[in-house]
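Chemist: Compact mmCIF, C-alpha atoms and all ligand atoms, saved as entry03.txt, coming up:
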```
# COMPACT_ATOMS: atom_id res chain seq x y z
CA MET A 1 4.04 -14.99 -5.14
CA SER A 2 4.54 -13.67 -8.64
CA PHE A 3 7.74 -15.62 -9.18
CA GLY A 4 6.55 -18.80 -7.56
CA ARG A 5 9.10 -18.89 -4.73
CA SER A 6 10.74 -16.89 -1.98
CA PHE A 7 14.15 -15.41 -2.65
CA ARG A 8 14.91 -14.58 0.94
CA GLY A 9 18.32 -15.94 1.88
CA SER A 10 18.94 -17.29 -1.65
CA THR A 11 21.87 -16.29 -3.85
CA LEU A 12 19.54 -13.87 -5.62
CA ASP A 13 18.99 -12.02 -2.41
CA HIS A 14 22.65 -11.96 -1.41
CA GLN A 15 24.09 -9.57 -3.95
CA LYS A 16 21.64 -6.89 -3.09
CA LYS A 17 18.78 -7.09 -0.69
CA LEU A 18 15.64 -7.43 -2.73
CA GLN A 19 13.74 -4.98 -0.58
CA GLN A 20 16.39 -2.33 -1.04
CA LEU A 21 16.20 -2.83 -4.78
CA VAL A 22 12.42 -2.37 -4.71
CA HIS A 23 12.74 0.84 -2.70
CA GLU A 24 15.33 2.22 -5.10
CA ALA A 25 13.25 1.34 -8.14
CA GLN A 26 10.14 2.91 -6.67
CA ALA A 27 12.05 6.05 -5.75
CA VAL A 28 13.34 6.62 -9.28
CA MET A 29 10.03 5.72 -10.88
CA GLY A 30 8.03 8.02 -8.62
CA GLY A 31 10.61 10.83 -8.72
CA PHE A 32 10.75 13.80 -11.05
CA THR A 33 12.88 13.41 -14.18
CA ALA A 34 13.47 16.50 -16.29
CA ASN A 35 13.77 14.30 -19.37
CA GLU A 36 10.07 13.43 -19.23
CA TYR A 37 9.03 17.09 -19.38
CA LEU A 38 11.80 18.65 -21.49
CA PRO A 39 12.23 16.27 -24.41
CA TYR A 40 15.48 17.63 -25.86
CA ALA A 41 17.35 19.27 -23.01
CA GLY A 42 15.93 17.38 -20.02
CA TRP A 43 18.63 14.72 -20.03
CA ILE A 44 21.26 17.42 -19.32
CA PHE A 45 19.54 18.32 -16.03
CA ASP A 46 19.19 14.65 -15.13
CA TRP A 47 22.84 14.10 -15.94
CA ILE A 48 23.90 17.05 -13.74
CA THR A 49 21.69 16.03 -10.81
CA GLY A 50 22.95 12.44 -11.00
CA LEU A 51 19.46 11.08 -11.62
CA HIS A 52 20.47 9.66 -14.96
CA SER A 53 23.21 7.46 -13.48
CA GLN A 54 20.92 6.49 -10.63
CA VAL A 55 18.26 5.30 -13.08
CA GLU A 56 20.88 3.41 -15.08
CA LYS A 57 22.14 1.72 -11.93
CA VAL A 58 18.69 0.67 -10.75
CA PHE A 59 17.91 -0.61 -14.24
CA LYS A 60 21.12 -2.66 -14.29
CA ASP A 61 20.43 -4.16 -10.87
CA MET A 62 16.83 -4.96 -11.76
CA ASN A 63 17.91 -6.48 -15.06
CA THR A 64 20.47 -8.69 -13.30
CA PHE A 65 17.85 -9.78 -10.80
CA PHE A 66 15.27 -10.66 -13.45
CA GLN A 67 17.89 -12.48 -15.52
CA HIS A 68 18.69 -14.61 -12.45
CA VAL A 69 14.99 -15.30 -11.98
CA VAL A 70 14.60 -16.36 -15.61
CA ASP A 71 17.79 -18.51 -15.50
CA ASP A 72 16.51 -20.09 -12.32
CA HIS A 73 13.35 -21.13 -14.08
CA LEU A 74 15.31 -22.51 -17.02
CA LYS A 75 17.23 -24.98 -14.85
CA PRO A 76 16.14 -28.50 -15.77
CA GLY A 77 13.55 -29.92 -13.36
CA SER A 78 13.27 -26.66 -11.40
CA LYS A 79 9.49 -26.44 -11.74
CA GLU A 80 7.75 -29.60 -12.70
CA GLN A 81 4.75 -29.59 -10.42
CA HIS A 82 3.75 -25.97 -10.07
CA ARG A 83 4.07 -23.67 -13.06
CA ASP A 84 4.11 -19.95 -12.41
CA ILE A 85 3.76 -17.00 -14.77
CA ILE A 86 7.44 -17.11 -15.75
CA ASP A 87 7.15 -20.75 -16.82
CA VAL A 88 4.14 -19.79 -18.93
CA LEU A 89 5.96 -16.85 -20.53
CA LEU A 90 9.02 -18.99 -21.22
CA ALA A 91 6.90 -21.73 -22.78
CA THR A 92 5.20 -19.16 -25.04
CA GLN A 93 8.60 -17.80 -25.96
CA ARG A 94 9.88 -21.27 -26.86
CA ASP A 95 6.85 -21.92 -29.10
CA GLU A 96 7.20 -18.57 -30.84
CA THR A 97 10.96 -18.91 -31.29
CA ASN A 98 10.43 -22.26 -32.96
CA GLN A 99 7.94 -20.65 -35.32
CA ASP A 100 9.62 -17.43 -36.37
CA GLY A 101 13.23 -17.89 -35.23
CA VAL A 102 13.36 -14.50 -33.50
CA VAL A 103 16.48 -14.05 -31.40
CA GLN A 104 15.94 -15.46 -27.88
CA GLN A 105 17.55 -12.51 -26.14
CA SER A 106 15.07 -9.89 -27.33
CA LYS A 107 12.22 -12.12 -26.15
CA ASN A 108 13.91 -12.48 -22.79
CA ASP A 109 13.81 -8.70 -22.58
CA VAL A 110 10.07 -8.74 -23.16
CA ILE A 111 9.64 -11.26 -20.35
CA LYS A 112 11.79 -9.16 -18.06
CA ALA A 113 9.78 -6.04 -18.87
CA ALA A 114 6.56 -7.90 -18.01
CA LEU A 115 8.13 -9.07 -14.75
CA LEU A 116 9.10 -5.52 -13.88
CA ASP A 117 5.48 -4.42 -14.36
CA ILE A 118 4.20 -7.19 -12.13
CA PHE A 119 6.92 -6.62 -9.58
CA LEU A 120 6.35 -2.90 -9.19
CA GLY A 121 2.58 -2.96 -9.79
CA GLY A 122 2.03 -5.59 -7.14
CA ILE A 123 3.91 -4.32 -4.12
CA ASP A 124 3.24 -0.72 -3.12
CA THR A 125 -0.36 -0.75 -4.33
CA SER A 126 -1.50 -3.29 -1.76
CA ALA A 127 0.73 -1.93 1.00
CA LEU A 128 -0.56 1.62 0.56
CA THR A 129 -4.18 0.51 0.67
CA VAL A 130 -3.60 -1.21 4.01
CA LEU A 131 -1.88 1.88 5.38
CA TRP A 132 -4.67 4.22 4.37
CA ALA A 133 -7.29 1.82 5.69
CA MET A 134 -5.52 1.82 9.04
CA ALA A 135 -5.28 5.62 8.97
CA GLY A 136 -9.01 5.89 8.23
CA LEU A 137 -9.94 3.52 11.03
CA VAL A 138 -7.58 5.09 13.55
CA ARG A 139 -9.43 8.38 13.14
CA LYS A 140 -12.77 6.69 13.65
CA PRO A 141 -12.60 4.37 16.62
CA ARG A 142 -16.26 3.39 16.27
CA LEU A 143 -15.56 2.04 12.78
CA MET A 144 -12.34 0.44 13.98
CA LYS A 145 -14.29 -1.39 16.68
CA LYS A 146 -16.98 -2.43 14.23
CA ALA A 147 -14.38 -3.90 11.86
CA GLN A 148 -12.53 -5.63 14.68
CA ASP A 149 -15.73 -7.00 16.22
CA GLU A 150 -16.80 -8.45 12.91
CA ILE A 151 -13.48 -10.21 12.42
CA ARG A 152 -13.10 -11.41 15.99
CA ASN A 153 -16.70 -12.59 16.26
CA TYR A 154 -16.47 -14.56 13.07
CA VAL A 155 -12.94 -15.93 13.34
CA GLY A 156 -13.08 -16.67 17.06
CA ARG A 157 -9.87 -17.73 18.80
CA LYS A 158 -7.45 -18.76 16.12
CA LEU A 159 -3.88 -18.00 15.23
CA ARG A 160 -4.81 -15.87 12.26
CA VAL A 161 -7.50 -14.94 9.77
CA THR A 162 -7.35 -17.14 6.69
CA GLU A 163 -8.46 -16.66 3.09
CA ASP A 164 -11.65 -18.67 3.52
CA ASN A 165 -12.77 -16.33 6.32
CA LEU A 166 -12.75 -13.30 4.04
CA ASP A 167 -16.05 -14.03 2.30
CA HIS A 168 -17.80 -13.61 5.64
CA LEU A 169 -16.23 -10.25 6.47
CA ALA A 170 -18.58 -7.88 4.67
CA TYR A 171 -17.69 -4.81 6.70
CA LEU A 172 -13.96 -5.33 6.19
CA LYS A 173 -14.58 -5.38 2.44
CA ARG A 174 -16.46 -2.09 2.68
CA VAL A 175 -13.57 -0.57 4.60
CA VAL A 176 -11.17 -1.59 1.85
CA LYS A 177 -13.51 -0.29 -0.84
CA GLU A 178 -13.88 3.05 0.89
CA THR A 179 -10.12 3.29 1.33
CA ARG A 180 -9.62 2.79 -2.40
CA ARG A 181 -12.18 5.47 -3.19
CA LEU A 182 -10.34 8.09 -1.17
CA HIS A 183 -6.81 6.87 -1.77
CA PRO A 184 -6.43 5.00 -5.06
CA PRO A 185 -2.77 3.84 -5.19
CA ALA A 186 -2.57 4.84 -8.87
CA PRO A 187 -4.43 8.18 -8.71
CA LEU A 188 -3.95 9.00 -12.41
CA LEU A 189 -4.04 5.39 -13.67
CA LEU A 190 -1.57 4.57 -16.43
CA PRO A 191 -1.25 7.20 -19.16
CA ARG A 192 -3.26 6.59 -22.31
CA GLU A 193 -2.75 7.87 -25.84
CA THR A 194 -5.70 8.83 -28.05
CA MET A 195 -5.83 6.79 -31.27
CA SER A 196 -8.02 9.23 -33.17
CA HIS A 197 -9.59 12.66 -32.84
CA CYS A 198 -12.18 12.85 -30.03
CA LYS A 199 -14.08 15.32 -27.85
CA ILE A 200 -13.85 15.24 -24.06
CA SER A 201 -16.01 17.67 -22.05
CA GLY A 202 -16.32 19.90 -25.10
CA TYR A 203 -12.56 19.98 -25.79
CA ASP A 204 -11.17 18.76 -29.09
CA ILE A 205 -8.45 16.22 -28.46
CA ASP A 206 -5.99 15.42 -31.24
CA PRO A 207 -4.82 11.91 -32.02
CA LYS A 208 -1.71 10.79 -30.11
CA THR A 209 -2.44 13.00 -27.12
CA ILE A 210 -1.45 11.62 -23.72
CA ILE A 211 -4.46 11.41 -21.43
CA TYR A 212 -4.45 10.99 -17.68
CA VAL A 213 -7.65 9.89 -15.95
CA ASN A 214 -7.81 11.46 -12.52
CA VAL A 215 -9.57 8.73 -10.54
CA TRP A 216 -8.56 10.41 -7.29
CA ALA A 217 -10.70 13.44 -8.17
CA ILE A 218 -13.51 11.30 -9.61
CA GLY A 219 -13.66 9.36 -6.34
CA ARG A 220 -14.17 12.63 -4.45
CA ASP A 221 -16.59 14.26 -6.85
CA PRO A 222 -19.66 15.54 -4.93
CA LYS A 223 -21.73 14.87 -8.05
CA HIS A 224 -21.30 11.17 -7.42
CA TRP A 225 -20.51 10.89 -3.71
CA LYS A 226 -22.37 12.25 -0.68
CA ASN A 227 -19.95 13.87 1.80
CA PRO A 228 -17.07 12.78 -0.45
CA GLU A 229 -14.27 13.71 1.98
CA GLU A 230 -15.66 11.57 4.75
CA PHE A 231 -14.31 8.08 5.38
CA SER A 232 -17.52 6.12 5.52
CA PRO A 233 -17.45 2.41 4.56
CA GLU A 234 -21.24 2.35 5.08
CA ARG A 235 -21.72 4.07 1.70
CA PHE A 236 -20.95 0.72 0.04
CA THR A 237 -23.57 -1.18 2.02
CA ASN A 238 -26.01 -1.50 -0.88
CA GLY A 239 -23.31 -3.19 -2.98
CA LEU A 240 -24.27 -1.27 -6.12
CA VAL A 241 -20.83 0.15 -6.88
CA ASP A 242 -17.93 -2.19 -7.53
CA PHE A 243 -14.31 -1.77 -8.61
CA LYS A 244 -14.35 -4.04 -11.67
CA GLY A 245 -14.22 -1.10 -14.07
CA GLN A 246 -17.90 -0.83 -14.96
CA ASN A 247 -18.83 1.94 -12.51
CA PHE A 248 -17.00 4.95 -13.87
CA GLU A 249 -17.33 6.98 -10.69
CA TYR A 250 -15.13 4.42 -8.95
CA LEU A 251 -12.05 3.12 -10.80
CA PRO A 252 -9.29 2.20 -8.34
CA PHE A 253 -8.11 -0.66 -10.62
CA GLY A 254 -8.66 1.25 -13.86
CA SER A 255 -10.85 -0.02 -16.63
CA GLY A 256 -10.76 -1.63 -20.05
CA ARG A 257 -8.09 -3.82 -21.53
CA ARG A 258 -5.28 -2.04 -19.68
CA GLY A 259 -7.08 -2.36 -16.36
CA CYS A 260 -5.14 -3.96 -13.53
CA PRO A 261 -4.50 -7.66 -14.28
CA GLY A 262 -3.58 -8.25 -10.63
CA ILE A 263 -7.00 -7.23 -9.32
CA CYS A 264 -7.87 -10.58 -7.71
CA MET A 265 -4.51 -10.89 -6.02
CA GLY A 266 -4.59 -7.22 -5.00
CA ILE A 267 -8.01 -7.59 -3.37
CA LEU A 268 -7.09 -10.80 -1.62
CA THR A 269 -3.73 -9.70 -0.21
CA THR A 270 -5.08 -6.36 0.97
CA GLU A 271 -8.08 -7.85 2.74
CA LEU A 272 -6.06 -10.66 4.25
CA LEU A 273 -3.35 -8.38 5.58
CA LEU A 274 -5.76 -5.80 6.94
CA ALA A 275 -7.95 -8.46 8.56
CA ASN A 276 -4.93 -9.96 10.30
CA LEU A 277 -3.66 -6.60 11.48
CA LEU A 278 -7.04 -5.75 12.94
CA TYR A 279 -7.52 -9.19 14.43
CA TYR A 280 -4.07 -9.97 15.69
CA LEU A 281 -1.63 -7.08 15.91
CA LEU A 282 -3.59 -4.84 18.20
CA PRO A 283 -4.19 -7.34 21.01
CA LEU A 284 -0.51 -8.20 20.78
CA VAL A 285 0.51 -4.59 21.30
CA GLN A 286 -1.99 -4.26 24.14
CA LEU A 287 -0.46 -7.36 25.64
CA HIS A 288 3.04 -5.89 25.41
CA VAL A 289 1.92 -2.71 27.13
CA ALA A 290 0.13 -4.72 29.81
CA ILE A 291 3.22 -6.86 30.45
CA LEU A 292 5.40 -3.76 30.56
CA ALA A 293 3.09 -2.03 33.00
CA ALA A 294 2.81 -5.17 35.14
CA THR A 295 6.59 -5.56 35.23
CA LEU A 296 7.13 -1.97 36.26
CA GLN A 297 4.36 -1.73 38.80
CA PRO A 298 5.97 -3.59 41.75
CA HIS A 299 9.11 -1.44 41.51
CA LEU A 300 7.18 1.78 41.22
CA HIS A 301 4.57 1.29 43.94
CA PHE A 302 5.16 4.82 45.26
CA ILE A 303 4.07 6.33 41.99
CA THR A 304 0.53 7.67 42.01
CA ALA A 305 -1.98 6.51 39.48
CA SER A 306 -1.73 9.74 37.53
CA PHE A 307 2.06 9.62 37.36
CA HIS A 308 1.84 6.06 36.22
CA GLN A 309 -0.39 7.24 33.45
CA HIS A 310 2.22 9.79 32.40
CA LEU A 311 4.86 7.13 32.49
CA GLN A 312 2.90 5.02 30.10
CA HIS A 313 2.50 8.08 27.91
CA GLY A 314 6.24 8.60 28.08
CA LEU A 315 6.92 5.02 27.13
CA LEU A 316 4.64 5.39 24.20
CA HIS A 317 6.47 8.47 22.98
CA PHE A 318 9.79 6.80 23.59
CA ALA A 319 8.75 3.79 21.53
CA ALA A 320 7.45 6.10 18.80
CA THR A 321 10.71 8.06 18.78
CA VAL A 322 12.82 4.92 18.48
CA LEU A 323 10.59 3.78 15.67
CA TRP A 324 10.86 7.11 13.86
CA CYS A 325 14.65 7.22 14.13
CA SER A 326 14.93 3.78 12.61
CA LEU A 327 12.81 4.69 9.61
CA PRO A 328 14.15 5.17 6.10
CA SER A 329 13.62 8.64 4.70
CA SER A 330 11.04 7.82 2.05
CA PHE A 331 7.57 8.92 3.04
CA SER A 332 5.75 5.77 2.04
CA ALA A 333 8.20 3.66 4.00
CA SER A 334 7.69 5.89 7.02
CA CYS A 335 3.95 5.49 6.71
CA ALA A 336 4.45 1.76 6.40
CA ALA A 337 6.10 1.68 9.76
CA PHE A 338 4.13 4.20 11.72
CA LEU A 339 0.52 3.79 10.75
CA PRO A 340 0.01 0.26 12.04
CA PHE A 341 1.73 1.45 15.19
CA ALA A 342 -0.53 4.47 15.38
CA ALA A 343 -3.47 2.18 14.96
CA SER A 344 -2.32 0.10 17.84
CA CYS A 345 -2.04 3.22 19.96
CA ALA A 346 -5.68 3.95 19.26
CA ALA A 347 -6.55 0.59 20.70
CA LEU A 348 -4.52 1.02 23.89
CA THR A 349 -6.09 1.03 27.31
CA PRO A 350 -8.57 3.88 28.01
CA GLN A 351 -6.30 5.55 30.63
CA LEU A 352 -3.94 6.51 27.84
CA GLN A 353 -6.65 8.38 26.07
CA GLN A 354 -8.12 10.42 28.85
CA LYS A 355 -5.99 13.51 28.64
CA LEU A 356 -5.51 16.01 25.86
CA PRO A 357 -1.82 16.74 25.34
CA ASP A 358 -0.42 20.14 26.31
CA GLY A 359 -1.06 22.88 23.79
CA VAL A 360 -3.83 20.98 22.04
CA LYS A 361 -7.26 22.51 22.33
CA GLU A 362 -10.52 20.64 22.21
CA GLU A 363 -11.58 22.47 19.03
CA ASP A 364 -8.37 21.42 17.23
CA MET A 365 -9.55 17.87 17.61
CA ASP A 366 -12.87 18.55 15.99
CA MET A 367 -11.72 17.40 12.57
CA GLU A 368 -14.50 14.88 12.38
CA GLU A 369 -17.09 13.84 14.85
CA GLU A 370 -14.81 11.04 15.98
CA VAL A 371 -11.08 11.41 16.25
CA GLY A 372 -8.93 8.65 17.62
CA VAL A 373 -5.38 9.83 17.22
CA SER A 374 -3.70 13.00 16.02
CA LEU A 375 -0.40 12.60 14.22
CA THR A 376 2.17 15.38 14.06
CA VAL A 377 5.11 14.62 11.83
CA GLY A 378 7.83 17.18 11.28
CA LYS A 379 10.72 16.72 8.91
CA LYS A 380 13.38 16.21 11.50
CA THR A 381 11.35 15.88 14.66
CA PRO A 382 10.59 12.51 16.14
CA LEU A 383 7.22 11.09 15.31
CA LEU A 384 4.75 12.21 17.91
CA LEU A 385 1.83 9.94 18.56
CA VAL A 386 -0.79 11.61 20.67
CA PRO A 387 -3.64 9.42 21.80
CA VAL A 388 -6.71 11.53 22.63
CA THR A 389 -10.15 10.86 24.03
CA TYR A 390 -12.54 8.27 22.74
CA PRO A 391 -16.04 9.66 22.35
CA GLN A 392 -18.03 8.87 25.48
C1 LIG B 401 -4.53 -3.01 -4.18
C2 LIG B 401 -3.96 -3.50 -5.20
C3 LIG B 401 -3.83 -2.93 -6.57
C4 LIG B 401 -4.35 -1.77 -7.13
C5 LIG B 401 -5.25 -0.76 -6.44
C6 LIG B 401 -3.89 -1.71 -8.48
C7 LIG B 401 -4.20 -0.70 -9.36
C8 LIG B 401 -3.77 -0.66 -10.68
C9 LIG B 401 -4.15 0.35 -11.62
C10 LIG B 401 -5.07 1.53 -11.34
C11 LIG B 401 -3.54 0.07 -12.80
C12 LIG B 401 -3.67 0.87 -14.08
C13 LIG B 401 -4.94 0.46 -14.77
C14 LIG B 401 -5.42 1.41 -15.84
O1 LIG B 401 -4.68 2.34 -16.21
O2 LIG B 401 -6.55 1.23 -16.36
C15 LIG B 401 -2.77 -1.15 -12.61
C16 LIG B 401 -2.01 -1.75 -13.57
C17 LIG B 401 -1.27 -2.87 -13.37
N1 LIG B 401 -1.25 -3.65 -12.24
FE1 LIG B 401 -2.26 -3.29 -10.53
N2 LIG B 401 -3.11 -2.81 -8.74
C18 LIG B 401 -3.06 -3.59 -7.61
C19 LIG B 401 -2.41 -4.77 -7.43
C20 LIG B 401 -1.67 -5.40 -8.40
C21 LIG B 401 -1.01 -6.67 -8.24
C22 LIG B 401 -1.07 -7.51 -6.98
C23 LIG B 401 -0.35 -6.94 -9.41
C24 LIG B 401 0.49 -8.11 -9.82
C25 LIG B 401 0.85 -9.10 -9.09
C26 LIG B 401 -0.60 -5.83 -10.29
C27 LIG B 401 -0.09 -5.72 -11.56
C28 LIG B 401 -0.38 -4.70 -12.44
C29 LIG B 401 0.18 -4.60 -13.78
C30 LIG B 401 1.19 -5.57 -14.40
C31 LIG B 401 -0.38 -3.46 -14.36
C32 LIG B 401 -0.10 -2.92 -15.76
C33 LIG B 401 -1.12 -3.45 -16.74
C34 LIG B 401 -0.89 -2.95 -18.15
O3 LIG B 401 0.06 -2.22 -18.41
O4 LIG B 401 -1.70 -3.32 -19.04
N3 LIG B 401 -1.41 -4.91 -9.66
N4 LIG B 401 -2.94 -1.58 -11.32
```
Kindly return the structure encoded in the file as structure tokens.
Modeler:
Amino acid sequence: MSFGRSFRGSTLDHQKKLQQLVHEAQAVMGGFTANEYLPYAGWIFDWITGLHSQVEKVFKDMNTFFQHVVDDHLKPGSKEQHRDIIDVLLATQRDETNQDGVVQQSKNDVIKAALLDIFLGGIDTSALTVLWAMAGLVRKPRLMKKAQDEIRNYVGRKLRVTEDNLDHLAYLKRVVKETRRLHPPAPLLLPRETMSHCKISGYDIDPKTIIYVNVWAIGRDPKHWKNPEEFSPERFTNGLVDFKGQNFEYLPFGSGRRGCPGICMGILTTELLLANLLYYLLPLVQLHVAILAATLQPHLHFITASFHQHLQHGLLHFAATVLWCSLPSSFSASCAAFLPFAASCAALTPQLQQKLPDGVKEEDMDMEEEVGVSLTVGKKTPLLLVPVTYPQ
């Protein structure tokens, strides 16, 4: 969307899979570099651990990719009807170059840096919000049902939820808002530097001090939020608190001139994806399980109802194990794969949820008044999805 076209299957995607590149870039950006904390000697540690060369490699690959994207946009007649942000940046660059004669290459670097920001700022942020929303709903089946009912009642029988439906999905919006309160994708925002001396909470802060704003903690501050740890979309019912940067107790997109410029796109993509998952994915999974059970039933007529139930349980675990084994090691990628699946487990037929698994006591489940699914993830163990009882 940011670059105005899809690169899947194109020459840009051949040299290195785009997705792989994104994962690598996110890993090095989110990882620990000694250089950031030990200004003079840090690079030695990074050099020894190999992080330095890894960063260089990712930078080179990203740079090559962005150069291709820019070259692609420079081809004559490539974009006459629909201009995207790169066309706008290139046009600005052309105007400025004509005026001050600054070398084209350095301006290309500025464009590429802006593209990197958009590229990395726009991907994981939306994906993580959807994952946490699913996790929140999975643990509260009543809320899950409420969100699904709203979507299904409004959208009716269609292939998918579309953008124009979103304005009518008030509860879905509250779910997304609540998710961002508890799990802001950028929990410390972007670092800021003080321009002059100031006082914060009685502390004297010198000019040029790096400041991190902990919006994660602010979003859970009992001074501002009742039962702050509880996932409760209802708290946004009165519509008084919004995420546009004016309510300082709630800043998932930051605030001020460095606030997120992708806010509209971020809201839209998150709501659209979540709405479609809730509307469409779960019935599909239920359908698969139903087909599977129906296919097996004639061959297994001697199996008692209770054994059949265990079989379904077994299939579920088997599917979860296969899924887990195929996952990449990074945690966010694992979440990306398993949470929607976990959510679909919560929506499976009631028989699957009637029995507590061995070794799990009723009181262990009392994390909140409603618990849909308990997830146990060990480092090397297969992912274990344990559907438990719905509240009666
Ligand atoms: C759920 C979605 C998103 C969330 C929660 C989010 C959150 C944020 C936050 C908290 C910041 C730092 C703001 C500050 O420090 O005040 C930021 C910056 C930024 N975001 Fe987003 N973002 C989202 C989606 C997007 C999208 C879709 C794009 C682009 C397509 C994007 C592009 C950027 C860029 C380029 C910056 C850096 C701005 C600057 O340096 O001035 N974001 N975002």
Chemist: Do you know which residues are within 7 Å of ligand LIG 401 (chain B) using all atoms listed in the file? Can you write them as a PyMOL selection string?
Modeler: chain A and resi 2+114+117-119+121-123+125-126+129+180+184-186+189-191+252-263+265-267+270
Chemist: Could you check how far atom CA of Val176 of chain A sits from atom CA of Lys244 of chain A, in Å to one decimal?
Modeler: 14.1 Å
Chemist: Work out how far atom CA of Ala127 of chain A is from atom CA of Ala147 of chain A, in Å to one decimal.
Modeler: 18.7 Å
Chemist: Could you tell me how far atom CA of Leu51 of chain A sits from atom CA of Ala27 of chain A, in Å to one decimal place?
Modeler: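 Here the two named atoms are 10.7 Å from each other.
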Chemist: Of the candidates A:Val175, A:Arg5, A:Phe59, A:Tyr279, which one gets nearest to Val130 of chain A if we count only C-alpha atoms?
Modeler: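 Closest residue, counting only C-alpha atoms: A:Val175.
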